[in-house]
Each structure stands twice: as C-alpha cells, then as structure tokens.
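*Asks:* For reference, this is structure_31.txt, and it has compact mmCIF, C-alpha atoms and all ligand atoms.
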# COMPACT_ATOMS: atom_id res chain seq x y z
CA GLU A 1086 171.43 4.38 -86.34
CA LEU A 1087 171.69 8.17 -86.52
CA VAL A 1088 171.75 9.44 -82.94
CA ASN A 1089 171.52 12.98 -81.55
CA ILE A 1090 174.62 13.07 -79.32
CA ASN A 1091 173.57 16.29 -77.56
CA GLU A 1092 170.39 14.58 -76.35
CA LEU A 1093 172.25 11.41 -75.45
CA LEU A 1094 174.60 13.39 -73.19
CA GLU A 1095 171.72 15.38 -71.66
CA LEU A 1096 170.02 12.11 -70.74
CA ILE A 1097 173.21 10.75 -69.15
CA MET A 1098 173.60 13.95 -67.12
CA LYS A 1099 169.98 13.81 -65.99
CA ARG A 1100 170.42 10.25 -64.73
CA LEU A 1101 173.64 11.05 -62.86
CA ARG A 1102 172.55 14.39 -61.37
CA PRO A 1103 171.09 12.88 -58.16
CA ILE A 1104 174.36 11.01 -57.48
CA ALA A 1105 176.37 14.19 -58.07
CA GLU A 1106 174.11 16.22 -55.79
CA LYS A 1107 174.42 13.64 -53.02
CA GLN A 1108 178.20 14.08 -53.17
CA ASN A 1109 178.02 17.85 -53.57
CA VAL A 1110 179.72 17.65 -56.96
CA GLU A 1111 178.83 20.21 -59.62
CA LEU A 1112 177.86 18.57 -62.91
CA VAL A 1113 178.01 20.74 -66.06
CA LEU A 1114 177.39 19.91 -69.72
CA GLU A 1115 178.68 22.20 -72.43
CA SER A 1116 177.64 21.47 -76.02
CA PHE A 1117 179.64 23.51 -78.50
CA ARG A 1118 177.84 22.17 -81.57
CA PRO A 1119 174.80 20.14 -82.55
CA VAL A 1120 176.06 16.62 -83.30
CA SER A 1121 174.32 13.69 -84.93
CA ALA A 1122 176.34 10.54 -85.52
CA GLN A 1123 175.99 6.99 -86.71
CA VAL A 1124 176.48 5.05 -83.47
CA ASP A 1125 175.25 2.15 -81.35
CA GLU A 1126 173.15 4.19 -78.92
CA VAL A 1127 173.08 1.62 -76.10
CA LYS A 1128 176.83 0.90 -76.14
CA LEU A 1129 177.81 4.56 -76.45
CA THR A 1130 175.48 5.54 -73.61
CA LEU A 1131 177.06 2.90 -71.39
CA ALA A 1132 180.58 3.98 -72.38
CA LEU A 1133 180.05 7.67 -71.65
CA SER A 1134 177.99 7.00 -68.50
CA ASN A 1135 180.92 5.04 -67.06
CA LEU A 1136 183.26 7.99 -67.60
CA ALA A 1137 180.88 10.52 -66.05
CA GLU A 1138 180.05 8.18 -63.16
CA ASN A 1139 183.75 7.70 -62.38
CA ALA A 1140 184.31 11.46 -62.53
CA ILE A 1141 181.64 11.88 -59.83
CA LYS A 1142 182.67 8.84 -57.73
CA TYR A 1143 186.38 9.67 -57.55
CA ASN A 1144 185.81 13.33 -56.78
CA ASN A 1145 185.89 15.50 -53.67
CA PRO A 1146 183.00 17.34 -52.00
CA GLU A 1147 182.58 20.77 -53.65
CA GLY A 1148 184.31 19.34 -56.72
CA PHE A 1149 183.17 19.59 -60.33
CA VAL A 1150 182.63 17.44 -63.39
CA HIS A 1151 182.64 19.22 -66.75
CA VAL A 1152 181.43 17.28 -69.76
CA SER A 1153 181.77 18.89 -73.17
CA LEU A 1154 180.85 17.98 -76.74
CA ASN A 1155 182.55 19.27 -79.84
CA ALA A 1156 182.99 18.16 -83.45
CA ASP A 1157 184.83 18.77 -86.67
CA HIS A 1158 183.95 17.48 -90.14
CA GLN A 1159 185.13 13.94 -89.33
CA TYR A 1160 184.80 13.26 -85.62
CA PHE A 1161 182.94 14.24 -82.50
CA TYR A 1162 184.75 14.66 -79.20
CA VAL A 1163 183.48 14.14 -75.67
CA LYS A 1164 185.64 15.48 -72.88
CA VAL A 1165 184.98 14.46 -69.26
CA GLU A 1166 187.01 16.57 -66.86
CA ASP A 1167 186.94 16.23 -63.08
CA SER A 1168 188.53 17.91 -60.06
CA GLY A 1169 188.89 14.61 -58.23
CA ILE A 1170 191.55 12.47 -56.59
CA GLY A 1171 193.46 11.78 -59.81
CA ILE A 1172 195.20 8.60 -60.95
CA PRO A 1173 198.83 7.79 -60.05
CA GLN A 1174 201.11 7.71 -63.12
CA ASP A 1175 202.02 4.04 -62.60
CA SER A 1176 198.33 3.08 -62.66
CA ILE A 1177 197.36 5.00 -65.79
CA ASP A 1178 198.45 2.17 -68.10
CA HIS A 1179 196.24 -0.33 -66.24
CA ILE A 1180 192.93 1.41 -65.69
CA PHE A 1181 191.40 0.00 -68.89
CA GLU A 1182 192.14 -3.59 -67.80
CA ARG A 1183 189.24 -5.66 -66.51
CA PHE A 1184 188.94 -5.70 -62.69
CA TYR A 1185 191.79 -3.22 -62.22
CA ARG A 1186 191.17 -0.67 -59.47
CA VAL A 1187 193.74 1.77 -58.14
CA ASP A 1188 195.00 0.36 -54.86
CA LYS A 1189 194.13 3.13 -52.46
CA SER A 1190 192.22 2.82 -49.22
CA HIS A 1191 190.04 5.64 -50.55
CA SER A 1192 188.93 3.75 -53.65
CA LYS A 1193 188.27 0.62 -51.58
CA GLU A 1194 185.54 2.46 -49.70
CA ILE A 1195 183.95 3.34 -53.04
CA GLY A 1196 181.91 0.58 -54.63
CA GLY A 1197 182.88 -0.85 -57.99
CA THR A 1198 184.05 -3.94 -59.85
CA GLY A 1199 186.74 -2.40 -62.04
CA LEU A 1200 184.89 -3.32 -65.22
CA GLY A 1201 183.57 0.11 -66.21
CA LEU A 1202 186.57 1.41 -68.16
CA ALA A 1203 187.16 -1.94 -69.89
CA ILE A 1204 183.57 -1.77 -71.17
CA THR A 1205 184.01 1.89 -72.12
CA LYS A 1206 187.18 1.25 -74.10
CA ASN A 1207 185.65 -1.74 -75.90
CA ALA A 1208 182.62 0.27 -76.97
CA ILE A 1209 184.77 3.14 -78.22
CA LEU A 1210 187.10 0.85 -80.18
CA MET A 1211 184.02 -0.82 -81.66
CA HIS A 1212 183.12 2.58 -83.11
CA ASN A 1213 186.66 2.98 -84.52
CA GLY A 1214 187.17 5.66 -81.91
CA ALA A 1215 189.94 6.47 -79.47
CA ILE A 1216 190.22 7.38 -75.81
CA ARG A 1217 192.97 9.37 -74.08
CA VAL A 1218 193.50 10.21 -70.44
CA HIS A 1219 195.45 12.87 -68.57
CA SER A 1220 195.61 12.85 -64.81
CA GLU A 1221 197.34 14.52 -61.93
CA GLU A 1222 197.13 13.05 -58.43
CA GLY A 1223 195.20 15.28 -56.08
CA LYS A 1224 194.14 17.59 -58.91
CA GLY A 1225 191.91 15.69 -61.28
CA THR A 1226 191.49 13.63 -64.40
CA THR A 1227 190.41 14.30 -67.99
CA PHE A 1228 189.22 11.66 -70.45
CA ILE A 1229 188.87 12.61 -74.12
CA VAL A 1230 186.86 10.39 -76.44
CA ARG A 1231 187.01 10.76 -80.22
CA ILE A 1232 184.50 8.96 -82.45
CA PRO A 1233 183.97 9.14 -86.22
CA LEU A 1234 180.69 10.83 -87.19
CA ASN A 1235 179.73 8.11 -89.62
CA TYR A 1236 181.05 4.84 -88.39
CA VAL A 1237 179.61 1.93 -90.41
CA SER A 1238 179.69 -1.53 -88.84
P1 LIG B 1301 182.90 -0.11 -62.01
O1 LIG B 1301 183.03 0.99 -63.03
O2 LIG B 1301 182.98 -1.46 -62.61
O3 LIG B 1301 181.76 0.09 -61.08
P2 LIG B 1301 185.36 1.04 -61.07
O4 LIG B 1301 184.80 2.42 -61.19
O5 LIG B 1301 186.27 0.76 -59.91
O6 LIG B 1301 184.18 -0.03 -61.04
P3 LIG B 1301 186.57 1.47 -63.67
O7 LIG B 1301 185.49 2.41 -64.05
O8 LIG B 1301 187.02 0.48 -64.68
O9 LIG B 1301 186.16 0.62 -62.37
O10 LIG B 1301 187.84 2.30 -63.20
C1 LIG B 1301 189.04 1.60 -62.82
C2 LIG B 1301 189.77 2.36 -61.73
O11 LIG B 1301 190.33 3.53 -62.29
C3 LIG B 1301 188.87 2.84 -60.59
O12 LIG B 1301 188.73 1.85 -59.60
C4 LIG B 1301 189.67 4.04 -60.07
O13 LIG B 1301 190.69 3.58 -59.20
C5 LIG B 1301 190.32 4.59 -61.34
N1 LIG B 1301 189.56 5.71 -61.93
C6 LIG B 1301 188.71 5.65 -62.98
N2 LIG B 1301 188.22 6.87 -63.30
C7 LIG B 1301 188.77 7.73 -62.42
C8 LIG B 1301 188.68 9.15 -62.22
N3 LIG B 1301 187.90 9.93 -62.99
N4 LIG B 1301 189.42 9.70 -61.22
C9 LIG B 1301 190.23 8.93 -60.44
N5 LIG B 1301 190.36 7.59 -60.58
C10 LIG B 1301 189.64 6.99 -61.55
MG MG B 1302 183.69 2.93 -62.99
Starting from the file, give its structure as structure tokens.
*Replies:*
Amino acid sequence: ELVNINELLELIMKRLRPIAEKQNVELVLESFRPVSAQVDEVKLTLALSNLAENAIKYNNPEGFVHVSLNADHQYFYVKVEDSGIGIPQDSIDHIFERFYRVDKSHSKEIGGTGLGLAITKNAILMHNGAIRVHSEEGKGTTFIVRIPLNYVS
C-alpha cells in the first residue's frame, strides 16, 4: 500500500514522546522531503519504532534523539541518531541477533528481550532495504535505514 512516511514517523514520535519526557530525552523529527512509499505499514512502523525506542532507552538524562527523513529518486532514508551510551565495537556485529543484549550492568537494569533489532532487520530486509549502524561508546549511536520507494512484494 502507498503510505505517507512523514505521517508514519510523526505517529511514532507521538507515541514515544511520553517515554522520552519521562527520561528527560529530547525527541526531534526532521523531515527534509514529503515521502510516500509502497510499504507494509504495520511492519515498517514496528521496525522504526524499535529503533527510536532503543535510542530513548539507551540514552542519558538531558540526551537527545534526532530522527530524520530524506529521499532521492529511488530510496527513502530514515536516520535515528542518539546521544546515548553507545555500543562496544565487539558487540556491533551481534546486536541484530535474536535475544542478544549488550552485557553491561546498565542495560540489565533496562527492560527488554533482545528481539527488537532482529524484528527491525527482518522487516527492512523484507522491503529490500538495508540498515547500517555507527556507534561510539559513551557518545552515541546512529542507525540509517534505506528502503526502496516502490518495493513490490
Ligand atoms: P527489546 O527491543 O526486545 O525490548 P532490547 O532493546 O534489549 O529488547 P534490541 O532492540 O534487539 O533489544 O537491542 C539489542 C541490544 O543492542 C540492546 O539490548 C542494547 O544492548 C543494544 N542497543 C540497541 N540499540 C541501542 C542504542 N541506540 N544505543 C545503545 N545500545 C543499543
Ligand atoms: Mg529494543
């Protein structure tokens, strides 16, 4: 179905805003272009919600989460950037595995099953998309999702 991605992201932000406020994390959405794309709305919402939720959960008080949307003639891009705790280099290759959680006392206090990113990656691959991650411990993490504008299943 043809989905308005700007609206989809606004809805995700609206749902997560109370969680961000509780943790004193600033949540910002920047839409550089209007984007409509042929996607599975439910699966994509779940995939992007997981990324934004993680960015809030693994953050610091007074931290930020910046979500941005951009597009070219072939793809749209969603970037989720946070100022959080970061991911150790030797864990980066594992975070998309089911049940994997970074072994830190800090992340043990934070609820979760370790399934979120596995679900996210599956949904993105289902759309013939791609996901990349950059992270620096103690500084923050950025996930970049790229999805074709007219994926046909
Ligand atoms: P769930 O999403 O199932 O509730 P979860 O958040 O622990 O649980 P994932 O979303 O799959 O599971 O993430 C896997 C692990 O990757 C997390 O436990 C955390 O250690 C690490 N991680 C994910 N996103 C971030 C992030 N933005 N910053 C720092 N660490 C992260
Ligand atoms: Mg998660």
*Asks:* Which distance in Å separates CA of Glu1106 (chain A) and atom C9 of ligand LIG 1301 (chain B), to one decimal?
*Replies:* 18.3 Å
*Asks:* Just need the box for region 1141-1150 of chain A, edges along x, y and z, holding every atom the file lists for it with 3 Å tacked onto each side, so centre and edge lengths in Å to one decimal, as AutoDock Vina command-line options.
*Replies:*
--center_x 184.0 --center_y 14.8 --center_z -57.7 --size_x 10.7 --size_y 17.9 --size_z 17.4
*Asks:* Ligand MG 1302 (chain B): which residues are within 12 Å, counting only C-alpha atoms and all ligand atoms? Reply as a PDB file with C-alpha atoms, in the coordinates of the input.
*Replies:*
ATOM      1  CA  LEU A1131     177.060   2.900 -71.390  1.00  0.00           C
ATOM      2  CA  ALA A1132     180.580   3.980 -72.380  1.00  0.00           C
ATOM      3  CA  LEU A1133     180.050   7.670 -71.650  1.00  0.00           C
ATOM      4  CA  SER A1134     177.990   7.000 -68.500  1.00  0.00           C
ATOM      5  CA  ASN A1135     180.920   5.040 -67.060  1.00  0.00           C
ATOM      6  CA  LEU A1136     183.260   7.990 -67.600  1.00  0.00           C
ATOM      7  CA  ALA A1137     180.880  10.520 -66.050  1.00  0.00           C
ATOM      8  CA  GLU A1138     180.050   8.180 -63.160  1.00  0.00           C
ATOM      9  CA  ASN A1139     183.750   7.700 -62.380  1.00  0.00           C
ATOM     10  CA  ALA A1140     184.310  11.460 -62.530  1.00  0.00           C
ATOM     11  CA  ILE A1141     181.640  11.880 -59.830  1.00  0.00           C
ATOM     12  CA  LYS A1142     182.670   8.840 -57.730  1.00  0.00           C
ATOM     13  CA  TYR A1143     186.380   9.670 -57.550  1.00  0.00           C
ATOM     14  CA  ILE A1180     192.930   1.410 -65.690  1.00  0.00           C
ATOM     15  CA  PHE A1181     191.400   0.000 -68.890  1.00  0.00           C
ATOM     16  CA  GLU A1182     192.140  -3.590 -67.800  1.00  0.00           C
ATOM     17  CA  ARG A1183     189.240  -5.660 -66.510  1.00  0.00           C
ATOM     18  CA  PHE A1184     188.940  -5.700 -62.690  1.00  0.00           C
ATOM     19  CA  TYR A1185     191.790  -3.220 -62.220  1.00  0.00           C
ATOM     20  CA  ARG A1186     191.170  -0.670 -59.470  1.00  0.00           C
ATOM     21  CA  VAL A1187     193.740   1.770 -58.140  1.00  0.00           C
ATOM     22  CA  SER A1192     188.930   3.750 -53.650  1.00  0.00           C
ATOM     23  CA  ILE A1195     183.950   3.340 -53.040  1.00  0.00           C
ATOM     24  CA  GLY A1196     181.910   0.580 -54.630  1.00  0.00           C
ATOM     25  CA  GLY A1197     182.880  -0.850 -57.990  1.00  0.00           C
ATOM     26  CA  THR A1198     184.050  -3.940 -59.850  1.00  0.00           C
ATOM     27  CA  GLY A1199     186.740  -2.400 -62.040  1.00  0.00           C
ATOM     28  CA  LEU A1200     184.890  -3.320 -65.220  1.00  0.00           C
ATOM     29  CA  GLY A1201     183.570   0.110 -66.210  1.00  0.00           C
ATOM     30  CA  LEU A1202     186.570   1.410 -68.160  1.00  0.00           C
ATOM     31  CA  ALA A1203     187.160  -1.940 -69.890  1.00  0.00           C
ATOM     32  CA  ILE A1204     183.570  -1.770 -71.170  1.00  0.00           C
ATOM     33  CA  THR A1205     184.010   1.890 -72.120  1.00  0.00           C
ATOM     34  CA  LYS A1206     187.180   1.250 -74.100  1.00  0.00           C
TER      35      LYS A1206
END
*Asks:* Taking into account only C-alpha atoms and all ligand atoms, which residue in the set A:Thr1130, A:Thr1226, A:Gln1123, A:Asn1213 is nearest to ligand LIG 1301 (chain B)?
*Replies:*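 Selected residue with least distance to ligand LIG 1301 (chain B): A:Thr1226.
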*Asks:* One decimal, in Å: what's the spacing between CA of Val1152 (chain A) and CA of Leu1112 (chain A)?
*Replies:*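 CA of Leu1112 (chain A) lies at a distance of 7.8 Å from CA of Val1152 (chain A).
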*Asks:* Expressed in Å to a single decimal, how great is the separation between atom N3 of ligand LIG 1301 (chain B) and CA of Lys1107 (chain A)?
*Replies:*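 Those two atoms sit 17.2 Å apart.
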*Asks:* Excluding Lys1164 (chain A) and any residue of its chain fewer than 4 positions from it, enumerate the residues within 7 Å of it, using only C-alpha atoms, and give them as a PyMOL selection string.
*Replies:* chain A and resi 1152-1154+1227-1230
*Asks:* Store the residues picked out above, limited to C-alpha atoms, as a compact mmCIF listing (two decimals), in the coordinates of the input.
*Replies:*
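Result saved to again-v2.txt:
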# COMPACT_ATOMS: atom_id res chain seq x y z
CA VAL A 1152 181.43 17.28 -69.76
CA SER A 1153 181.77 18.89 -73.17
CA LEU A 1154 180.85 17.98 -76.74
CA THR A 1227 190.41 14.30 -67.99
CA PHE A 1228 189.22 11.66 -70.45
CA ILE A 1229 188.87 12.61 -74.12
CA VAL A 1230 186.86 10.39 -76.44
